[in-house]
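Here is the file upload_17.txt (compact mmCIF, C-alpha atoms).
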```txt
# COMPACT_ATOMS: atom_id res chain seq x y z
CA MET A 27 -38.82 5.79 -7.70
CA ASN A 28 -37.63 2.58 -9.33
CA LYS A 29 -36.27 4.55 -12.21
CA GLN A 30 -34.34 6.72 -9.80
CA VAL A 31 -32.72 3.74 -8.19
CA PHE A 32 -31.83 2.32 -11.56
CA ILE A 33 -30.19 5.57 -12.62
CA LEU A 34 -28.32 5.57 -9.34
CA LEU A 35 -27.03 2.07 -9.97
CA VAL A 36 -26.02 2.89 -13.52
CA SER A 37 -24.22 6.04 -12.46
CA PHE A 38 -22.29 4.16 -9.83
CA PHE A 39 -21.13 1.62 -12.32
CA SER A 40 -20.12 4.13 -14.94
CA LEU A 41 -18.08 5.95 -12.30
CA GLN A 42 -16.31 2.74 -11.49
CA SER A 43 -15.65 1.87 -15.09
CA TYR A 44 -13.62 5.05 -15.50
CA SER A 45 -11.26 4.25 -12.68
CA SER A 46 -10.69 0.66 -13.67
CA THR A 47 -11.80 -0.67 -17.01
CA ALA A 48 -11.04 -4.29 -16.16
CA GLN A 49 -13.64 -4.48 -13.39
CA PRO A 50 -16.48 -6.91 -13.94
CA LYS A 51 -19.21 -5.14 -15.91
CA GLN A 52 -22.69 -4.24 -14.78
CA GLY A 53 -25.32 -6.70 -15.91
CA GLN A 54 -22.77 -9.48 -16.35
CA LEU A 55 -23.36 -12.75 -14.62
CA ALA A 56 -21.06 -12.95 -11.60
CA ALA A 57 -18.22 -15.41 -12.06
CA ASP A 58 -18.62 -18.23 -9.60
CA ILE A 59 -16.63 -18.31 -6.40
CA ALA A 60 -15.92 -21.57 -4.58
CA LEU A 61 -13.99 -21.14 -1.34
CA PRO A 62 -13.80 -22.74 2.09
CA SER A 63 -16.01 -21.42 4.87
CA VAL A 64 -14.97 -21.37 8.53
CA GLY A 65 -15.84 -25.06 8.96
CA GLY A 66 -13.82 -25.96 5.87
CA ASP A 67 -16.77 -26.80 3.62
CA THR A 68 -16.68 -25.29 0.15
CA LEU A 69 -19.25 -22.58 -0.39
CA ARG A 70 -20.29 -21.46 -3.86
CA LEU A 71 -21.58 -18.03 -4.81
CA SER A 72 -23.76 -19.71 -7.44
CA SER A 73 -25.57 -21.64 -4.70
CA LEU A 74 -27.09 -18.35 -3.54
CA LYS A 75 -29.15 -17.81 -6.69
CA GLY A 76 -32.65 -16.59 -5.87
CA LYS A 77 -31.29 -14.28 -3.20
CA VAL A 78 -29.99 -10.77 -3.47
CA VAL A 79 -26.31 -11.08 -2.53
CA LEU A 80 -23.77 -8.59 -1.34
CA LEU A 81 -20.34 -9.97 -2.19
CA ASP A 82 -17.98 -8.26 0.24
CA PHE A 83 -14.17 -8.42 -0.03
CA TRP A 84 -12.48 -7.64 3.25
CA ALA A 85 -9.73 -8.64 5.74
CA SER A 86 -9.42 -8.56 9.50
CA TRP A 87 -6.48 -6.13 9.28
CA CYS A 88 -8.46 -3.60 7.23
CA GLY A 89 -9.81 -0.92 9.58
CA PRO A 90 -12.40 0.50 7.18
CA CYS A 91 -13.70 -3.05 6.54
CA ARG A 92 -14.28 -3.55 10.24
CA VAL A 93 -16.19 -0.27 10.43
CA SER A 94 -18.26 -1.35 7.44
CA ASN A 95 -19.04 -4.67 9.17
CA LYS A 96 -20.86 -2.75 11.88
CA SER A 97 -23.38 -1.26 9.46
CA LEU A 98 -23.67 -4.54 7.58
CA VAL A 99 -24.70 -6.30 10.81
CA LYS A 100 -27.72 -4.01 11.00
CA LEU A 101 -28.59 -4.26 7.34
CA TYR A 102 -28.30 -8.05 7.43
CA SER A 103 -30.59 -8.48 10.41
CA ASN A 104 -33.18 -6.20 8.80
CA TYR A 105 -33.27 -7.86 5.37
CA LYS A 106 -32.11 -11.44 5.87
CA LYS A 107 -35.67 -12.74 6.09
CA SER A 108 -36.62 -10.96 2.87
CA GLY A 109 -34.06 -12.90 0.85
CA PHE A 110 -30.85 -10.93 1.42
CA GLU A 111 -27.53 -12.71 1.86
CA ILE A 112 -23.99 -11.46 2.35
CA LEU A 113 -20.98 -13.45 1.23
CA GLY A 114 -17.83 -12.13 2.85
CA VAL A 115 -14.58 -13.06 1.10
CA SER A 116 -11.68 -12.54 3.48
CA LEU A 117 -8.18 -12.07 2.06
CA ASP A 118 -6.61 -12.92 5.43
CA ASP A 119 -3.52 -15.09 5.43
CA ASP A 120 -4.07 -15.77 9.08
CA LYS A 121 -7.25 -17.81 9.40
CA GLY A 122 -7.28 -17.41 13.17
CA LYS A 123 -7.46 -13.65 12.85
CA TRP A 124 -10.24 -13.99 10.29
CA GLU A 125 -12.25 -16.20 12.65
CA ASN A 126 -11.64 -13.86 15.58
CA ALA A 127 -12.83 -10.87 13.56
CA ILE A 128 -16.01 -12.76 12.61
CA LYS A 129 -16.75 -13.33 16.30
CA LYS A 130 -15.77 -9.85 17.41
CA ASP A 131 -17.83 -8.10 14.75
CA ASN A 132 -20.84 -10.36 15.36
CA ILE A 133 -20.89 -11.54 11.77
CA THR A 134 -23.62 -14.10 11.15
CA TRP A 135 -23.57 -13.97 7.35
CA LEU A 136 -21.69 -16.37 5.09
CA GLN A 137 -17.93 -16.16 5.22
CA VAL A 138 -15.23 -17.71 3.05
CA ASN A 139 -11.47 -17.26 3.04
CA ASP A 140 -9.00 -16.80 0.21
CA GLY A 141 -5.65 -16.15 1.90
CA GLY A 142 -2.92 -14.33 0.03
CA GLY A 143 -3.98 -10.71 0.26
CA TRP A 144 -3.88 -8.94 -3.10
CA GLU A 145 -2.40 -12.07 -4.65
CA ALA A 146 -5.37 -14.22 -3.64
CA GLN A 147 -6.81 -15.83 -6.79
CA THR A 148 -10.27 -14.39 -6.21
CA ALA A 149 -8.84 -10.92 -5.61
CA ILE A 150 -6.97 -11.08 -8.90
CA LYS A 151 -9.95 -12.45 -10.81
CA TRP A 152 -12.24 -9.76 -9.45
CA GLN A 153 -9.63 -6.99 -9.87
CA ILE A 154 -9.70 -6.05 -6.20
CA ASP A 155 -7.32 -3.13 -5.65
CA ALA A 156 -8.70 -1.87 -2.38
CA ILE A 157 -10.79 -3.22 0.45
CA PRO A 158 -13.55 -3.05 1.38
CA THR A 159 -14.92 -3.62 -2.11
CA SER A 160 -18.43 -4.95 -2.54
CA PHE A 161 -20.69 -6.05 -5.37
CA LEU A 162 -24.45 -6.16 -5.24
CA ILE A 163 -25.79 -9.19 -7.12
CA ASP A 164 -29.44 -9.70 -8.08
CA LYS A 165 -31.54 -12.85 -7.72
CA GLU A 166 -30.45 -14.07 -11.14
CA GLY A 167 -26.77 -13.73 -10.27
CA ARG A 168 -26.12 -10.56 -12.26
CA LEU A 169 -23.75 -7.86 -11.03
CA LEU A 170 -25.76 -4.72 -10.48
CA ALA A 171 -23.72 -2.29 -8.42
CA MET A 172 -20.42 -1.82 -6.72
CA ASN A 173 -19.29 -0.23 -3.47
CA LEU A 174 -22.68 1.06 -2.42
CA GLU A 175 -22.85 2.06 1.22
CA GLY A 176 -25.35 3.22 3.80
CA LYS A 177 -28.63 4.60 2.49
CA GLU A 178 -27.74 4.01 -1.16
CA LEU A 179 -27.03 0.35 -0.49
CA GLU A 180 -30.30 -0.04 1.40
CA LYS A 181 -32.24 1.72 -1.37
CA ALA A 182 -30.77 -0.52 -4.05
CA LEU A 183 -31.25 -3.60 -1.90
CA LYS A 184 -34.96 -2.84 -1.35
CA TYR A 185 -35.40 -2.30 -5.08
CA LEU A 186 -33.80 -5.63 -5.94
CA LEU A 187 -35.67 -7.56 -3.23
CA ASP A 188 -39.02 -6.21 -4.45
CA LYS A 189 -38.30 -6.88 -8.11
CA MET B 12 44.11 7.64 -25.14
CA LYS B 13 45.02 4.84 -22.75
CA LYS B 14 45.81 7.39 -20.08
CA LEU B 15 42.44 9.01 -20.58
CA LEU B 16 40.74 5.64 -20.24
CA ILE B 17 42.60 4.97 -17.01
CA LEU B 18 41.58 8.37 -15.71
CA VAL B 19 37.94 7.68 -16.60
CA VAL B 20 38.10 4.30 -14.86
CA ILE B 21 39.64 5.88 -11.77
CA ALA B 22 36.99 8.57 -11.79
CA LEU B 23 34.28 5.94 -12.06
CA LEU B 24 35.82 3.88 -9.27
CA GLY B 25 36.06 7.00 -7.18
CA THR B 26 32.32 7.50 -7.40
CA THR B 27 31.41 3.89 -6.70
CA VAL B 28 29.10 3.79 -3.71
CA ASN B 29 30.48 2.44 -0.51
CA ALA B 30 26.97 1.86 0.68
CA GLN B 31 24.93 -0.62 -1.33
CA PHE B 32 21.31 -0.69 -0.21
CA THR B 33 19.67 -4.08 -0.34
CA LYS B 34 16.25 -3.59 1.23
CA ALA B 35 13.93 -1.11 2.86
CA THR B 36 10.97 -0.89 5.19
CA LEU B 37 8.49 1.78 4.29
CA GLN B 38 5.40 3.01 6.09
CA ALA B 39 2.87 5.09 4.23
CA THR B 40 0.32 7.51 5.59
CA GLY B 41 -2.73 9.10 4.08
CA LEU B 42 -6.35 9.97 4.60
CA THR B 43 -7.36 6.37 3.96
CA CYS B 44 -5.90 3.10 5.18
CA ALA B 45 -2.65 2.56 3.24
CA MET B 46 -2.65 -1.20 3.72
CA CYS B 47 -6.22 -1.52 2.44
CA ASN B 48 -5.18 -0.30 -0.97
CA ASN B 49 -3.02 -2.05 -3.51
CA ALA B 50 -1.93 1.21 -5.16
CA ILE B 51 1.27 1.69 -3.15
CA ASN B 52 2.29 -1.92 -3.68
CA LYS B 53 1.81 -1.58 -7.43
CA ALA B 54 3.56 1.79 -7.66
CA LEU B 55 6.60 0.50 -5.77
CA GLN B 56 6.78 -2.62 -7.91
CA LYS B 57 7.03 -0.42 -11.01
CA VAL B 58 10.20 1.28 -9.73
CA GLY B 59 13.12 -0.03 -11.79
CA PHE B 60 15.48 -0.96 -8.99
CA VAL B 61 12.78 -2.68 -6.90
CA GLU B 62 12.90 -6.46 -6.96
CA SER B 63 9.89 -7.20 -4.75
CA VAL B 64 7.39 -5.62 -2.37
CA LYS B 65 5.62 -7.45 0.45
CA SER B 66 2.98 -6.03 2.74
CA ASP B 67 3.75 -6.51 6.41
CA ILE B 68 0.26 -6.28 7.88
CA LYS B 69 1.44 -6.58 11.47
CA ASN B 70 3.62 -3.48 11.24
CA SER B 71 1.56 -1.66 8.61
CA ALA B 72 4.67 -1.53 6.46
CA PHE B 73 5.94 -2.49 3.03
CA ASN B 74 9.07 -4.61 2.90
CA ILE B 75 10.97 -3.75 -0.25
CA VAL B 76 13.86 -5.75 -1.67
CA PHE B 77 16.14 -4.02 -4.19
CA ARG B 78 17.71 -5.60 -7.25
CA SER B 79 21.32 -6.39 -6.52
CA GLY B 80 23.93 -4.23 -8.16
CA VAL B 81 21.44 -1.58 -9.25
CA ALA B 82 21.70 1.94 -7.85
CA VAL B 83 18.88 2.88 -5.48
CA ASN B 84 17.28 6.28 -5.94
CA ILE B 85 15.72 7.06 -2.56
CA ASP B 86 13.59 9.89 -3.94
CA ALA B 87 12.03 7.52 -6.48
CA LEU B 88 10.56 5.48 -3.61
CA LYS B 89 8.94 8.59 -2.16
CA ASP B 90 7.67 9.65 -5.59
CA ALA B 91 6.04 6.25 -6.12
CA VAL B 92 4.22 6.46 -2.80
CA GLU B 93 3.09 10.02 -3.55
CA ASP B 94 1.94 9.08 -7.04
CA ALA B 95 -0.25 6.44 -5.41
CA GLY B 96 -1.87 9.20 -3.38
CA PHE B 97 -0.10 8.63 -0.08
CA SER B 98 2.85 10.07 1.85
CA VAL B 99 5.89 8.38 3.31
CA GLY B 100 5.55 8.08 7.07
CA SER B 101 8.85 6.32 7.62
CA LEU B 102 11.62 4.86 5.49
CA LYS B 103 14.40 2.64 6.80
CA LEU B 104 17.10 1.52 4.40
CA THR B 105 19.34 -1.47 4.98
CA GLY B 106 22.57 -1.89 3.09
CA THR B 107 26.14 -3.03 3.18
CA PHE B 108 28.61 -0.36 4.21
CA THR B 109 32.36 -0.30 3.75
CA ASP B 110 34.51 1.95 5.92
CA MET B 111 32.00 4.76 5.92
CA LYS B 112 33.13 7.25 8.53
CA ILE B 113 30.25 9.18 9.98
CA ALA B 114 29.76 11.84 12.63
CA ALA B 115 26.89 14.00 13.75
CA ASP B 116 26.02 16.92 11.46
CA GLN B 117 28.53 15.89 8.79
CA HIS B 118 28.18 15.18 5.10
CA ILE B 119 29.46 11.99 3.53
CA LYS B 120 29.61 11.69 -0.21
CA VAL B 121 28.39 8.36 -1.53
CA GLY B 122 28.39 8.12 -5.30
CA ASP B 123 26.63 11.16 -6.68
CA VAL B 124 24.63 11.91 -3.55
CA SER B 125 25.56 12.89 -0.02
CA PHE B 126 24.35 11.66 3.32
CA HIS B 127 24.04 14.07 6.20
CA PHE B 128 23.89 12.22 9.50
CA LEU B 129 21.85 14.03 12.12
CA GLU B 130 22.20 12.88 15.72
CA ALA B 131 24.82 10.20 15.09
CA THR B 132 27.75 9.22 17.26
CA GLU B 133 31.12 9.25 15.55
CA GLN B 134 31.77 5.80 14.10
CA THR B 135 32.83 3.84 11.05
CA LEU B 136 30.06 1.89 9.40
CA ASN B 137 30.90 -1.59 8.17
CA GLY B 138 28.77 -4.52 7.17
CA GLU B 139 25.00 -4.51 7.25
CA GLN B 140 23.50 -1.38 8.73
CA THR B 141 20.09 0.27 8.73
CA ILE B 142 19.61 4.00 8.42
CA THR B 143 16.43 6.06 8.66
CA VAL B 144 15.72 8.82 6.17
CA VAL B 145 14.57 11.95 7.99
CA ASP B 146 14.25 14.34 5.06
CA LYS B 147 11.19 16.49 4.60
CA ASN B 148 8.30 14.35 3.24
CA PHE B 149 9.94 11.14 4.51
CA LEU B 150 8.31 11.44 7.91
CA SER B 151 5.53 13.45 9.50
CA ALA B 152 5.85 17.25 9.49
CA LYS B 153 5.92 17.21 13.27
CA GLN B 154 8.76 14.66 13.43
CA PHE B 155 10.66 16.54 10.72
CA LYS B 156 10.44 19.78 12.64
CA LYS B 157 11.83 18.10 15.72
CA ILE B 158 14.69 16.26 14.05
CA SER B 159 15.70 19.03 11.64
CA ALA B 160 16.58 21.17 14.65
CA ALA B 161 19.72 19.00 14.97
CA THR B 162 21.49 21.05 12.30
CA LYS B 163 21.78 24.71 11.43
CA MET B 164 22.67 23.95 7.82
CA ALA B 165 20.21 25.04 5.14
CA CYS B 166 20.41 21.71 3.31
CA VAL B 167 18.05 20.08 5.81
CA GLN B 168 15.26 22.23 4.38
CA THR B 169 16.22 22.10 0.69
CA GLY B 170 17.72 18.63 0.34
CA LYS B 171 20.48 20.18 -1.77
CA ALA B 172 24.06 20.82 -0.71
CA GLY B 173 23.94 24.49 -1.70
CA ASP B 174 26.95 26.41 -0.43
CA CYS B 175 27.21 24.36 2.76
CA CYS B 176 30.06 22.11 1.75
CA SER B 177 31.93 23.48 -1.22
CA LYS B 178 35.10 23.17 0.86
CA GLU B 179 34.56 19.43 1.06
CA GLY B 180 34.20 19.33 -2.71
CA ILE B 181 30.46 18.76 -2.69
CA ASP B 182 28.74 20.38 -5.65
CA PRO B 183 25.91 22.80 -4.69
CA GLY B 184 23.40 20.80 -6.75
CA THR B 185 24.19 17.52 -4.98
CA ARG B 186 21.21 15.79 -3.39
CA VAL B 187 21.74 15.53 0.35
CA TYR B 188 19.74 12.89 2.18
CA HIS B 189 19.35 13.55 5.86
CA VAL B 190 19.52 10.36 7.87
CA THR B 191 19.90 8.93 11.34
CA ILE B 192 21.29 5.64 12.50
```
I need this file expressed as structure tokens, please.
Amino acid sequence: MNKQVFILLVSFFSLQSYSSTAQPKQGQLAADIALPSVGGDTLRLSSLKGKVVLLDFWASWCGPCRVSNKSLVKLYSNYKKSGFEILGVSLDDDKGKWENAIKKDNITWLQVNDGGGWEAQTAIKWQIDAIPTSFLIDKEGRLLAMNLEGKELEKALKYLLDK
Amino acid sequence: MKKLLILVVIALLGTTVNAQFTKATLQATGLTCAMCNNAINKALQKVGFVESVKSDIKNSAFNIVFRSGVAVNIDALKDAVEDAGFSVGSLKLTGTFTDMKIAADQHIKVGDVSFHFLEATEQTLNGEQTITVVDKNFLSAKQFKKISAATKMACVQTGKAGDCCSKEGIDPGTRVYHVTI
């Protein structure tokens, strides 16, 4: 079973590496992110070590991101207590719209903002060419998978939480 | 020799556009959300005569600014969007016009292309004006079907002058852009 999940993760990453060679590589330590949260305090990705983290790039104006939020709400409430955290990085220029979307979508996970759309520094650094784009990060801060959704995301998440 | 040079210069002046496009607003459509993808942005930025591209989230559109003094190839904008895996849903071009006489269902030669105004009142265009391209693949199939009914000429389907306007001195191979104002 564990082997299966691992193969799944590997296959996802190799698929990604074909489409865009400059993406962060699987197994690499995630580059740190330090951005303001809704309250204005700086939040660091590195402060979440010890948890399995889904790093989720999105924006309030991105329809598919909003749809994805719905399923993330469920996943988050089911696995939060087991050591799962989501860090949403919004590329919204308009902070008000970002905050409204957080309320409307019932987002209770961590949220930071890097305005500027595709030109946002974090978006450039992480080679974000489409949203939503997400990275699954293990307890040690290593990048393990990208753009997993639904059952595959849950499967991989369980595997990493149990490890 | 001098005479020849003068003739060449006159010929060149004769083909100088009297409509210089400066910017455009483009909407893209596709199976996925066009604004959620940077591909269109990047593809448009690679087009030689494009100076800058900005996403207008509010209107789900791309605001394109052209390099000044460089000829704009309208088809190249469509090709860029299609290469990115999307289609053009709407394209509005803004430019400076000089004494461009237009009338409904008539061809106007501008440089080496022609513009065919569908559903336009007779007028002379001067100063800054915005036109909408209504050629096939520049708007939805449904909209195209509706608007293309405004002319009986074959060029609306082919985008080429064909034998429609040889009397007006328009070569059959000339690209005809169908537009409204």
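If you look at CA of Leu55 (chain B) and CA of Trp124 (chain A), they are 27.4 Å away from each other.
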Closest of B:Val81, B:Thr132, B:Gly100, B:Asn148 to Ala115 (chain B) - atom-to-atom distances counting only C-alpha atoms: B:Thr132
Exercise answer, chain A residues close to chain B, 6 Å and all atoms listed in the file, as number ranges by chain: A: 88, 155-157
Residue contacts of region 170-187 of chain A (6 Å, only C-alpha atoms) excluding same-chain residues fewer than 6 positions away, as an MDAnalysis selection string: chainID A and resid 35 52:53 159:163
Box in all listed atoms of region 54-64 of chain A, axis-aligned, with 6 Å more on each side; write out centre and edge lengths in Å to one decimal as AutoDock Vina command-line options.
```
--center_x -18.6 --center_y -16.1 --center_z -3.9 --size_x 21.6 --size_y 25.3 --size_z 36.9
```
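By only C-alpha atoms, and with residues fewer than 3 positions from region 60-63 of chain A along its chain excluded, the set lying at most 7 Å from it is Gly66, Asp67, Thr68, Leu69, Arg70, Leu71, Gln137, Val138, Asn139 and Asp140 of chain A.
Going from CA of Ile133 (chain A) to CA of Val79 (chain A) covers 15.3 Å.
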Complete region 155-180 of chain A at the level of N, CA and C atoms, written as a short mmCIF file (atom, residue, chain, number, x, y, z; two decimals), keeping the file's coordinate frame.
```
data_model
loop_
_atom_site.label_atom_id
_atom_site.label_comp_id
_atom_site.auth_asym_id
_atom_site.auth_seq_id
_atom_site.Cartn_x
_atom_site.Cartn_y
_atom_site.Cartn_z
N ASP A 155 -8.50 -3.97 -5.90
CA ASP A 155 -7.32 -3.13 -5.65
C ASP A 155 -7.40 -2.40 -4.32
N ALA A 156 -8.53 -2.52 -3.67
CA ALA A 156 -8.70 -1.87 -2.38
C ALA A 156 -9.79 -2.61 -1.64
N ILE A 157 -9.69 -2.65 -0.33
CA ILE A 157 -10.79 -3.22 0.45
C ILE A 157 -11.23 -2.21 1.50
N PRO A 158 -12.50 -2.16 1.88
CA PRO A 158 -13.55 -3.05 1.38
C PRO A 158 -13.98 -2.72 -0.06
N THR A 159 -14.29 -3.77 -0.81
CA THR A 159 -14.92 -3.62 -2.11
C THR A 159 -16.11 -4.58 -2.12
N SER A 160 -17.26 -4.07 -2.55
CA SER A 160 -18.43 -4.95 -2.54
C SER A 160 -19.20 -4.87 -3.85
N PHE A 161 -19.87 -5.96 -4.16
CA PHE A 161 -20.69 -6.05 -5.37
C PHE A 161 -22.09 -6.48 -4.96
N LEU A 162 -23.07 -5.78 -5.50
CA LEU A 162 -24.45 -6.16 -5.24
C LEU A 162 -24.93 -7.02 -6.42
N ILE A 163 -25.43 -8.20 -6.09
CA ILE A 163 -25.79 -9.19 -7.12
C ILE A 163 -27.28 -9.50 -7.01
N ASP A 164 -27.98 -9.48 -8.14
CA ASP A 164 -29.44 -9.70 -8.08
C ASP A 164 -29.79 -11.19 -7.99
N LYS A 165 -31.09 -11.46 -7.94
CA LYS A 165 -31.54 -12.85 -7.72
C LYS A 165 -31.10 -13.80 -8.82
N GLU A 166 -30.86 -13.22 -10.01
CA GLU A 166 -30.45 -14.07 -11.14
C GLU A 166 -28.92 -14.22 -11.22
N GLY A 167 -28.23 -13.60 -10.29
CA GLY A 167 -26.77 -13.73 -10.27
C GLY A 167 -26.05 -12.69 -11.12
N ARG A 168 -26.76 -11.62 -11.46
CA ARG A 168 -26.12 -10.56 -12.26
C ARG A 168 -25.53 -9.48 -11.36
N LEU A 169 -24.40 -8.94 -11.78
CA LEU A 169 -23.75 -7.86 -11.03
C LEU A 169 -24.50 -6.57 -11.31
N LEU A 170 -24.97 -5.92 -10.25
CA LEU A 170 -25.76 -4.72 -10.48
C LEU A 170 -25.13 -3.44 -9.96
N ALA A 171 -24.34 -3.52 -8.93
CA ALA A 171 -23.72 -2.29 -8.42
C ALA A 171 -22.48 -2.64 -7.62
N MET A 172 -21.69 -1.61 -7.40
CA MET A 172 -20.42 -1.82 -6.72
C MET A 172 -20.21 -0.73 -5.67
N ASN A 173 -19.68 -1.16 -4.54
CA ASN A 173 -19.29 -0.23 -3.47
C ASN A 173 -20.39 0.72 -3.01
N LEU A 174 -21.62 0.24 -3.00
CA LEU A 174 -22.68 1.06 -2.42
C LEU A 174 -22.58 0.96 -0.90
N GLU A 175 -22.92 2.06 -0.24
CA GLU A 175 -22.85 2.06 1.22
C GLU A 175 -24.10 2.72 1.78
N GLY A 176 -24.33 2.49 3.04
CA GLY A 176 -25.35 3.22 3.80
C GLY A 176 -26.71 3.23 3.13
N LYS A 177 -27.27 4.45 3.01
CA LYS A 177 -28.63 4.60 2.49
C LYS A 177 -28.73 4.15 1.04
N GLU A 178 -27.70 4.40 0.26
CA GLU A 178 -27.74 4.01 -1.16
C GLU A 178 -27.79 2.49 -1.30
N LEU A 179 -27.03 1.81 -0.46
CA LEU A 179 -27.03 0.35 -0.49
C LEU A 179 -28.41 -0.18 -0.11
N GLU A 180 -28.99 0.41 0.93
CA GLU A 180 -30.30 -0.04 1.40
C GLU A 180 -31.37 0.20 0.34
#
```
